[in-house]
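Student: My questions all concern the structure below.
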Amino acid sequence: MFDVQISTLFSGRLLQKILNNEPISLVEYNFLTSVLIAQNIPFDVSFQSGTRKAAAALQLTIHITPSATFVLVISLEPGSNAFSPSP
């Protein structure tokens, strides 16, 4: 089952949306975290609610090794957010 989940994640539209800073749905976010949990991959999540100045966003930090992390900023709505620099 893991192979199907990982191939879906890395070959699908979800990864493209994250890399292009396009908003994702909560269903897509739940899929992403379920894959991490199923594989016992440690991660942290920070949530910034939307305001008049910034769009709602998540910062997902995936811990690869004790000294290496992979950080994804995931938009939940269009616009700049508190985690990404302003244009």
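Just remember, in the structure tokens the first chain shown is A, the second B, etc., residues are 1-based per chain, and ligands are 1-based in the order shown.
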Identify, with DSSP run on backbone atoms, the residues in chain A assigned to strand (DSSP E or B), and express the list as JSON, numbers by chain.
Tutor: {"A": [43, 44, 45, 46, 47, 48, 55, 57, 58, 59, 60, 61, 62, 63, 64, 65, 68, 69, 70, 71, 72, 73, 74, 75, 81]}
Student: What parts of chain A does DSSP call alpha helix (DSSP H)? I'd like the answer as a PyMOL selection string.
Tutor: chain A and resi 2-11+13-19+26-38
Student: Write out as a PyMOL selection string which residues come within 9 Å of Ala56 (chain A) when counting only C-alpha atoms, dropping same-chain ones fewer than 3 positions away.
Tutor: chain A and resi 47-51+74-82
Student: Please dump the current selection as a short mmCIF file (atom, residue, chain, number, x, y, z; two decimals), in the first residue's frame; keep C-alpha atoms.
Tutor:
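Result file follows (result.cif):
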data_model
loop_
_atom_site.label_atom_id
_atom_site.label_comp_id
_atom_site.auth_asym_id
_atom_site.auth_seq_id
_atom_site.Cartn_x
_atom_site.Cartn_y
_atom_site.Cartn_z
CA PHE A 47 -0.63 26.73 10.96
CA GLN A 48 -1.13 30.41 10.16
CA SER A 49 -4.78 31.42 9.89
CA GLY A 50 -5.80 33.76 7.11
CA THR A 51 -5.99 37.48 7.83
CA ILE A 74 1.50 24.81 1.81
CA SER A 75 -1.05 27.43 0.82
CA LEU A 76 -4.63 26.84 1.86
CA GLU A 77 -5.96 29.81 -0.12
CA PRO A 78 -4.64 32.13 -2.85
CA GLY A 79 -2.31 34.98 -1.92
CA SER A 80 0.93 35.50 -0.04
CA ASN A 81 1.20 34.03 3.43
CA ALA A 82 3.15 34.59 6.63
#
Student: For the atom pair CA of Glu28 (chain A) and CA of Lys53 (chain A), what is the interatomic distance in Å to one decimal place?
Tutor: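 Spanning CA of Glu28 (chain A) to CA of Lys53 (chain A) is a straight-line distance of 24.8 Å.
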Student: Find, counting only C-alpha atoms, the residue in A:Ile41, A:Phe83, A:Asn20, A:Asn30 that gets nearest to Ala57 (chain A).
Tutor: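 Once distances to Ala57 (chain A) are computed over only C-alpha atoms, the minimum belongs to A:Phe83.
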Student: Can you tell me, as a CSV table (one decimal) with C-alpha atoms, in the first residue's frame, what residues are no more than 12 Å from Ile64 (chain A) when counting only C-alpha atoms, ignoring any on the same chain fewer than 5 positions away?
Tutor:
chain,number,residue,atom,x,y,z
A,36,LEU,CA,4.1,10.4,6.6
A,40,ASN,CA,6.7,6.6,10.7
A,41,ILE,CA,8.4,9.7,9.3
A,42,PRO,CA,8.6,12.5,11.9
A,43,PHE,CA,7.2,15.9,11.0
A,44,ASP,CA,6.0,19.1,12.6
A,69,THR,CA,14.9,18.8,7.5
A,70,PHE,CA,12.7,19.4,4.5
A,71,VAL,CA,10.3,22.4,4.8
Student: Could you check the closest approach to Ile18 (chain A) for each of A:Ala68, A:Ala55, A:Leu32, A:Val45 and tell me which residue wins, using only C-alpha atoms?
Tutor: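 Of A:Ala68, A:Ala55, A:Leu32, A:Val45, the one nearest Ile18 (chain A) is A:Leu32, counting only C-alpha atoms.
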Student: Take CA of Asn21 (chain A) and CA of Val73 (chain A) and report the distance between them in Å, one decimal.
Tutor: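 Rounded to one decimal, the two atoms are 7.6 Å apart.
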Student: How many Å separate CA of Ala38 (chain A) from CA of Thr61 (chain A)?
Tutor: 16.4 Å
